[in-house]
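J.: Pasting query.cif here (mmCIF, C-alpha atoms):
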```
data_coords
loop_
_atom_site.label_atom_id
_atom_site.label_comp_id
_atom_site.auth_asym_id
_atom_site.auth_seq_id
_atom_site.Cartn_x
_atom_site.Cartn_y
_atom_site.Cartn_z
CA ASN A 24 -6.29 0.36 19.78
CA ALA A 25 -3.18 1.97 18.28
CA GLY A 26 -2.94 -0.24 15.14
CA VAL A 27 0.46 0.08 13.45
CA THR A 28 2.90 2.54 15.01
CA GLN A 29 6.05 3.72 13.25
CA THR A 30 8.89 5.77 14.67
CA PRO A 31 10.47 8.12 13.89
CA LYS A 32 8.19 10.11 11.58
CA PHE A 33 11.08 12.10 10.15
CA GLN A 34 14.81 11.42 10.01
CA VAL A 35 17.80 12.99 8.26
CA LEU A 36 20.95 10.91 7.87
CA LYS A 37 24.32 11.41 6.33
CA THR A 38 25.62 8.95 3.76
CA GLY A 39 27.11 5.93 5.49
CA GLN A 40 25.21 6.29 8.75
CA SER A 41 23.03 3.48 10.03
CA MET A 42 19.64 3.63 11.67
CA THR A 43 16.61 1.58 12.58
CA LEU A 44 13.01 2.35 11.72
CA GLN A 45 10.73 0.92 14.36
CA CYS A 46 7.37 -0.69 13.69
CA ALA A 47 4.96 -2.13 16.23
CA GLN A 48 1.43 -3.47 15.89
CA ASP A 49 -1.03 -4.43 18.60
CA MET A 50 -3.46 -6.46 16.49
CA ASN A 51 -1.68 -9.81 16.87
CA HIS A 52 -1.13 -10.03 13.11
CA GLU A 53 1.31 -12.67 11.95
CA TYR A 54 2.18 -11.03 8.61
CA MET A 55 4.11 -7.76 8.63
CA SER A 56 5.91 -5.95 5.86
CA TRP A 57 7.93 -2.89 4.94
CA TYR A 58 7.34 -0.81 1.82
CA ARG A 59 9.04 2.21 0.40
CA GLN A 60 7.11 4.84 -1.52
CA ASP A 61 8.80 6.93 -4.18
CA PRO A 62 7.21 9.43 -6.56
CA GLY A 63 5.83 7.76 -9.68
CA MET A 64 6.74 4.28 -8.46
CA GLY A 65 3.94 3.39 -6.07
CA LEU A 66 4.79 1.14 -3.15
CA ARG A 67 7.56 -1.42 -3.40
CA LEU A 68 7.99 -4.27 -0.96
CA ILE A 69 11.32 -4.33 0.88
CA HIS A 70 11.02 -7.22 3.34
CA TYR A 71 8.20 -9.16 4.91
CA SER A 72 7.62 -11.61 7.73
CA VAL A 73 4.97 -14.31 8.09
CA GLY A 74 5.59 -14.76 11.80
CA ALA A 75 8.09 -14.44 14.61
CA GLY A 76 11.48 -15.74 13.54
CA ILE A 77 10.60 -15.81 9.83
CA THR A 78 11.57 -13.09 7.36
CA ASP A 79 12.01 -12.94 3.61
CA GLN A 80 13.03 -10.51 0.92
CA GLY A 81 10.66 -8.49 -1.16
CA GLU A 82 11.21 -6.61 -4.38
CA VAL A 83 13.90 -4.14 -3.23
CA PRO A 84 15.77 -5.66 -0.24
CA ASN A 85 19.31 -4.45 -0.89
CA GLY A 86 20.71 -2.20 1.82
CA TYR A 87 18.07 -3.18 4.39
CA ASN A 88 17.92 -5.74 7.17
CA VAL A 89 14.97 -6.96 9.21
CA SER A 90 14.34 -9.27 12.13
CA ARG A 91 11.19 -10.50 13.83
CA SER A 92 11.79 -11.58 17.40
CA THR A 93 8.20 -10.97 18.52
CA THR A 94 4.80 -10.88 16.84
CA GLU A 95 4.44 -7.20 17.68
CA ASP A 96 7.70 -5.72 16.40
CA PHE A 97 9.30 -5.62 12.97
CA PRO A 98 12.21 -3.16 12.79
CA LEU A 99 13.88 -2.16 9.54
CA ARG A 100 17.60 -1.46 9.64
CA LEU A 101 19.55 0.62 7.17
CA LEU A 102 23.10 -0.64 7.39
CA SER A 103 24.93 2.15 5.54
CA ALA A 104 22.57 4.81 4.29
CA ALA A 105 22.79 6.01 0.69
CA PRO A 106 21.01 8.94 -1.02
CA SER A 107 19.05 6.38 -3.07
CA GLN A 108 17.36 5.34 0.18
CA THR A 109 15.73 8.74 0.55
CA SER A 110 12.08 7.77 0.60
CA VAL A 111 8.95 7.40 2.67
CA TYR A 112 8.81 4.06 4.43
CA PHE A 113 5.62 2.31 5.46
CA CYS A 114 5.15 -0.63 7.74
CA ALA A 115 2.02 -2.71 7.29
CA SER A 116 0.41 -5.73 8.90
CA LEU A 117 -2.15 -8.05 7.38
CA GLY A 118 -5.53 -8.65 8.91
CA GLY A 119 -7.59 -11.79 8.56
CA SER A 120 -9.97 -10.14 6.09
CA GLY A 121 -7.15 -9.48 3.64
CA GLU A 122 -6.73 -5.84 4.57
CA LEU A 123 -3.28 -4.34 5.02
CA PHE A 124 -3.08 -1.94 7.96
CA PHE A 125 -0.49 0.75 7.39
CA GLY A 126 1.45 2.95 9.75
CA GLU A 127 1.62 6.69 9.12
CA GLY A 128 5.02 6.45 7.48
CA SER A 129 8.59 7.49 8.18
CA ARG A 130 10.11 10.11 5.91
CA LEU A 131 13.85 9.54 5.53
CA THR A 132 16.31 11.90 3.87
CA VAL A 133 19.88 10.79 3.23
CA LEU A 134 22.31 13.59 2.45
CA ALA B 25 4.61 -11.19 -13.72
CA GLN B 26 1.69 -9.38 -12.24
CA SER B 27 1.33 -5.67 -12.84
CA VAL B 28 -1.07 -2.84 -12.20
CA THR B 29 -1.54 0.21 -14.39
CA GLN B 30 -3.20 3.39 -13.26
CA PRO B 31 -3.12 5.46 -16.44
CA ASP B 32 -4.11 8.76 -14.83
CA ILE B 33 -1.40 10.34 -12.71
CA HIS B 34 -3.52 13.31 -11.68
CA ILE B 35 -7.26 14.00 -11.97
CA THR B 36 -9.08 17.20 -11.06
CA VAL B 37 -12.84 17.22 -10.52
CA SER B 38 -15.33 19.70 -9.17
CA GLU B 39 -16.97 19.08 -5.83
CA GLY B 40 -20.25 17.28 -6.40
CA ALA B 41 -19.17 15.83 -9.73
CA SER B 42 -18.86 12.13 -10.40
CA LEU B 43 -15.54 10.35 -10.36
CA GLU B 44 -14.01 7.35 -12.06
CA LEU B 45 -10.43 6.25 -11.46
CA ARG B 46 -9.06 3.66 -13.82
CA CYS B 47 -7.13 0.52 -12.92
CA ASN B 48 -5.96 -2.19 -15.30
CA TYR B 49 -4.14 -5.27 -14.13
CA SER B 50 -2.21 -8.22 -15.47
CA TYR B 51 -2.32 -11.38 -13.39
CA GLY B 52 -2.01 -15.02 -14.33
CA ALA B 53 -4.48 -16.49 -11.88
CA THR B 54 -7.67 -15.31 -10.27
CA PRO B 55 -6.86 -11.79 -9.11
CA TYR B 56 -7.60 -10.35 -5.74
CA LEU B 57 -8.06 -6.62 -6.17
CA PHE B 58 -7.93 -3.68 -3.80
CA TRP B 59 -8.27 0.07 -3.73
CA TYR B 60 -6.44 2.04 -1.05
CA VAL B 61 -6.57 5.76 -0.31
CA GLN B 62 -3.76 7.87 1.10
CA SER B 63 -4.53 11.26 2.57
CA PRO B 64 -1.64 13.75 2.74
CA GLY B 65 0.91 12.77 5.36
CA GLN B 66 -0.93 9.58 6.23
CA GLY B 67 -0.62 5.89 5.62
CA LEU B 68 -2.85 3.96 3.23
CA GLN B 69 -6.38 2.96 4.18
CA LEU B 70 -8.42 0.24 2.48
CA LEU B 71 -11.42 1.54 0.52
CA LEU B 72 -12.68 -1.78 -0.83
CA LYS B 73 -11.61 -5.18 -2.04
CA TYR B 74 -12.76 -7.84 -4.48
CA PHE B 75 -12.19 -11.52 -3.87
CA SER B 76 -15.08 -13.26 -5.58
CA GLY B 77 -18.83 -13.08 -6.15
CA ASP B 78 -20.67 -9.94 -7.15
CA THR B 79 -18.42 -7.96 -9.47
CA LEU B 80 -19.69 -4.62 -8.14
CA VAL B 81 -18.28 -4.05 -4.69
CA GLN B 82 -19.14 -1.31 -2.25
CA GLY B 83 -16.58 0.31 -0.02
CA ILE B 84 -16.27 2.98 2.59
CA LYS B 85 -16.89 6.69 2.05
CA GLY B 86 -19.43 6.03 -0.72
CA PHE B 87 -16.96 4.45 -3.16
CA GLU B 88 -17.65 1.46 -5.36
CA ALA B 89 -15.64 -0.51 -7.90
CA GLU B 90 -16.52 -2.90 -10.67
CA PHE B 91 -14.46 -5.94 -11.61
CA LYS B 92 -14.50 -6.63 -15.35
CA ARG B 93 -12.56 -9.77 -16.11
CA SER B 94 -12.86 -9.37 -19.90
CA GLN B 95 -11.23 -5.94 -19.71
CA SER B 96 -8.81 -6.76 -16.86
CA SER B 97 -10.08 -3.67 -15.10
CA PHE B 98 -11.16 -2.68 -11.61
CA ASN B 99 -12.25 0.95 -11.87
CA LEU B 100 -13.18 2.98 -8.81
CA ARG B 101 -16.24 5.24 -8.88
CA LYS B 102 -18.06 7.72 -6.73
CA PRO B 103 -21.27 9.47 -7.81
CA SER B 104 -20.55 12.78 -6.06
CA VAL B 105 -17.16 13.76 -4.67
CA HIS B 106 -16.57 15.78 -1.54
CA TRP B 107 -13.62 18.06 -0.81
CA SER B 108 -12.44 15.51 1.75
CA ASP B 109 -11.92 12.97 -1.06
CA ALA B 110 -8.81 14.82 -2.21
CA ALA B 111 -6.07 12.23 -1.77
CA GLU B 112 -3.97 9.72 -3.66
CA TYR B 113 -5.60 6.46 -4.69
CA PHE B 114 -3.80 3.18 -5.24
CA CYS B 115 -5.03 0.06 -6.95
CA ALA B 116 -3.39 -3.24 -6.02
CA VAL B 117 -3.54 -6.86 -7.22
CA GLY B 118 -2.27 -10.02 -5.64
CA PRO B 119 -2.80 -13.56 -4.46
CA PHE B 120 -5.16 -14.59 -1.71
CA PRO B 121 -3.53 -12.31 0.84
CA TRP B 122 -2.55 -14.59 3.62
CA VAL B 123 -1.27 -17.33 1.40
CA VAL B 124 2.05 -16.31 -0.04
CA PHE B 125 3.53 -18.46 -2.76
CA GLY B 126 7.15 -17.90 -3.53
CA ASN B 127 7.63 -14.41 -4.86
CA GLU B 128 3.96 -13.62 -5.35
CA LYS B 129 3.11 -10.47 -3.49
CA LEU B 130 0.62 -7.65 -3.49
CA THR B 131 1.54 -5.32 -6.37
CA PHE B 132 0.54 -1.67 -6.19
CA GLY B 133 -0.07 0.74 -9.03
CA THR B 134 1.73 4.06 -9.14
CA GLY B 135 -1.28 5.96 -7.85
CA THR B 136 -3.70 8.64 -9.04
CA ARG B 137 -3.73 11.96 -7.26
CA LEU B 138 -7.21 13.45 -6.97
CA THR B 139 -7.70 17.19 -6.63
CA ILE B 140 -11.13 18.62 -5.83
CA ILE B 141 -12.01 22.16 -6.88
CA PRO B 142 -14.87 24.07 -5.22
#
```
I'd like the structure from this file rewritten - as structure tokens, please.

T.:
Amino acid sequence: NAGVTQTPKFQVLKTGQSMTLQCAQDMNHEYMSWYRQDPGMGLRLIHYSVGAGITDQGEVPNGYNVSRSTTEDFPLRLLSAAPSQTSVYFCASLGGSGELFFGEGSRLTVL
Amino acid sequence: AQSVTQPDIHITVSEGASLELRCNYSYGATPYLFWYVQSPGQGLQLLLKYFSGDTLVQGIKGFEAEFKRSQSSFNLRKPSVHWSDAAEYFCAVGPFPWVVFGNEKLTFGTGTRLTIIP
């Protein structure tokens, strides 16, 4: 059982480039979410989804897009990368016991 | 708005010593409280959670936490730390997790980094 899988683990972008962070879970969880983690700021919610075809904004959605075409996948798209988006990104899915299951993270650097 | 405060950014303890990590929260309704641990280079893993009932909850790896409504606190404790406990610890508060109302979400604290010295 792989849990939550994120790719890539590391990425360097130039300002203005676009990219997609992939997230897949094999636990059949309806709820999935994306967080960013910055020093001294904890985890902040970017976007979330309560099921296939349904997405909504979190606390810091600007500059990011998401879609949820299947239960398993929840990609995060950076439309035009900015240095302020340098961060560690975590995908998480919610289990029935109230536990969030996190991926190992994707470290993004925008130059 | 809900908030979580972890007043200690960094704590250093000796191996075998006891540990207490502080967490204070602000939440308008009945809080649901969590502690997560993040080892270096890894994602977060749930240590324990409090929904209702006994205010002293046991978690994995020998950790426990006590919910004190009067003090709005949910401090994490361990009687004797091991070198493998070195990590960052996050407290979180939120609504009943799979019922999302409007903008209510799970709010994380800024974390406490734990260093263990031999």

J.: Residues of chain A were defined as contacting chain B if any atom lay at most 6 Å from it, counting all atoms listed in the file; please report them as a list in words.

T.: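 Per the criterion, chain A yields Gly63, Met64, Gly65, Leu66, Gly121, Phe125, Gly126, Glu127 and Gly128 of chain A.
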
J.: Next, dump the selected residues to file, keeping only C-alpha atoms, as a CSV table (one decimal), in the coordinates of the input.

T.:
```
chain,number,residue,atom,x,y,z
A,63,GLY,CA,5.8,7.8,-9.7
A,64,MET,CA,6.7,4.3,-8.5
A,65,GLY,CA,3.9,3.4,-6.1
A,66,LEU,CA,4.8,1.1,-3.2
A,121,GLY,CA,-7.2,-9.5,3.6
A,125,PHE,CA,-0.5,0.8,7.4
A,126,GLY,CA,1.4,3.0,9.8
A,127,GLU,CA,1.6,6.7,9.1
A,128,GLY,CA,5.0,6.4,7.5
```

J.: Specify as JSON, numbers by chain each residue included when the PyMOL selection byres ((chain B and resi 48) around 6) is applied to this file.

T.: {"B": [28, 29, 47, 49, 96, 97]}

J.: Hey, which of A:Ser116, A:Thr93, A:Asn51, A:Ser110 ends up closest to Tyr71 in chain A? Count all atoms listed in the file.

T.: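 Comparing A:Ser116, A:Thr93, A:Asn51, A:Ser110 against Tyr71 in chain A, the winner is A:Ser116.
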
J.: I'd like the interatomic distance between CA of His106 in chain B and CA of Ile140 in chain B, to a tenth of an Å.

T.: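 It comes out at 7.5 Å.
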
J.: Out of A:Val133, A:Ser92, A:Ala115, A:Ser56, which residue has the shortest atom-to-atom distance to Thr28 in chain A when counting only C-alpha atoms?

T.: A:Ala115

J.: How far is it from CA of Gln34 in chain A to CA of Arg137 in chain B, in Å with one decimal?

T.: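 Computing it gives 25.3 Å between the two atoms.
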
J.: Exactly which residues make up the result of the PyMOL selection byres ((chain B and resi 39-42) around 12) on this file, given as number ranges by chain?

T.: B: 35-38, 43-45, 86-88, 100-110, 138-142

J.: To one decimal place, how far is CA of Gly74 in chain A from CA of Leu101 in chain A in Å?

T.: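 That distance, rounded to one decimal, is 21.3 Å.
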
J.: Might you pull out every residue within 9 Å of Gly86 in chain A, with all atoms listed in the file counted and same-chain residues fewer than 2 positions away left off, and present them as a ChimeraX atom specification?

T.: /A:83-84,88,100-105,108

J.: Name the residues that the PyMOL selection byres ((chain A and resi 97-99) around 12) pulls out of this structure, and write them as an MDAnalysis selection string.

T.: chainID A and resid 27:31 41:49 52:59 69:78 84:96 100:102 112:116 129

J.: Which polymer residues, whether protein, DNA or RNA, lie within 9 Å of the coordinate (-15.5, -12.9, -8.6) when you count all atoms listed in the file? List them as a list in words, using the chain letters and numbers from the file.

T.: Thr54, Pro55, Tyr56, Tyr74, Phe75, Ser76, Gly77, Asp78, Thr79, Phe91 and Arg93 of chain B

J.: Output C-alpha atoms for every residue in that selection, as a PDB file, keeping the file's coordinate frame.

T.:
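Output below, filename selection.pdb:
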```
ATOM      1  CA  THR B  54      -7.670 -15.310 -10.270  1.00  0.00           C
ATOM      2  CA  PRO B  55      -6.860 -11.790  -9.110  1.00  0.00           C
ATOM      3  CA  TYR B  56      -7.600 -10.350  -5.740  1.00  0.00           C
ATOM      4  CA  TYR B  74     -12.760  -7.840  -4.480  1.00  0.00           C
ATOM      5  CA  PHE B  75     -12.190 -11.520  -3.870  1.00  0.00           C
ATOM      6  CA  SER B  76     -15.080 -13.260  -5.580  1.00  0.00           C
ATOM      7  CA  GLY B  77     -18.830 -13.080  -6.150  1.00  0.00           C
ATOM      8  CA  ASP B  78     -20.670  -9.940  -7.150  1.00  0.00           C
ATOM      9  CA  THR B  79     -18.420  -7.960  -9.470  1.00  0.00           C
ATOM     10  CA  PHE B  91     -14.460  -5.940 -11.610  1.00  0.00           C
ATOM     11  CA  ARG B  93     -12.560  -9.770 -16.110  1.00  0.00           C
TER      12      ARG B  93
END
```

J.: With all atoms listed in the file as the atoms that count, which of A:Leu117, A:Ser107, A:Glu82, A:Glu122 lies nearest to Lys37 in chain A?

T.: A:Ser107

J.: Could you check which of B:Ala89, B:Gln95, B:Tyr113, B:Gly118 is closest to Ser27 in chain B, using only C-alpha atoms?

T.: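 Of B:Ala89, B:Gln95, B:Tyr113, B:Gly118, the one nearest Ser27 in chain B, counting only C-alpha atoms, is B:Gly118.
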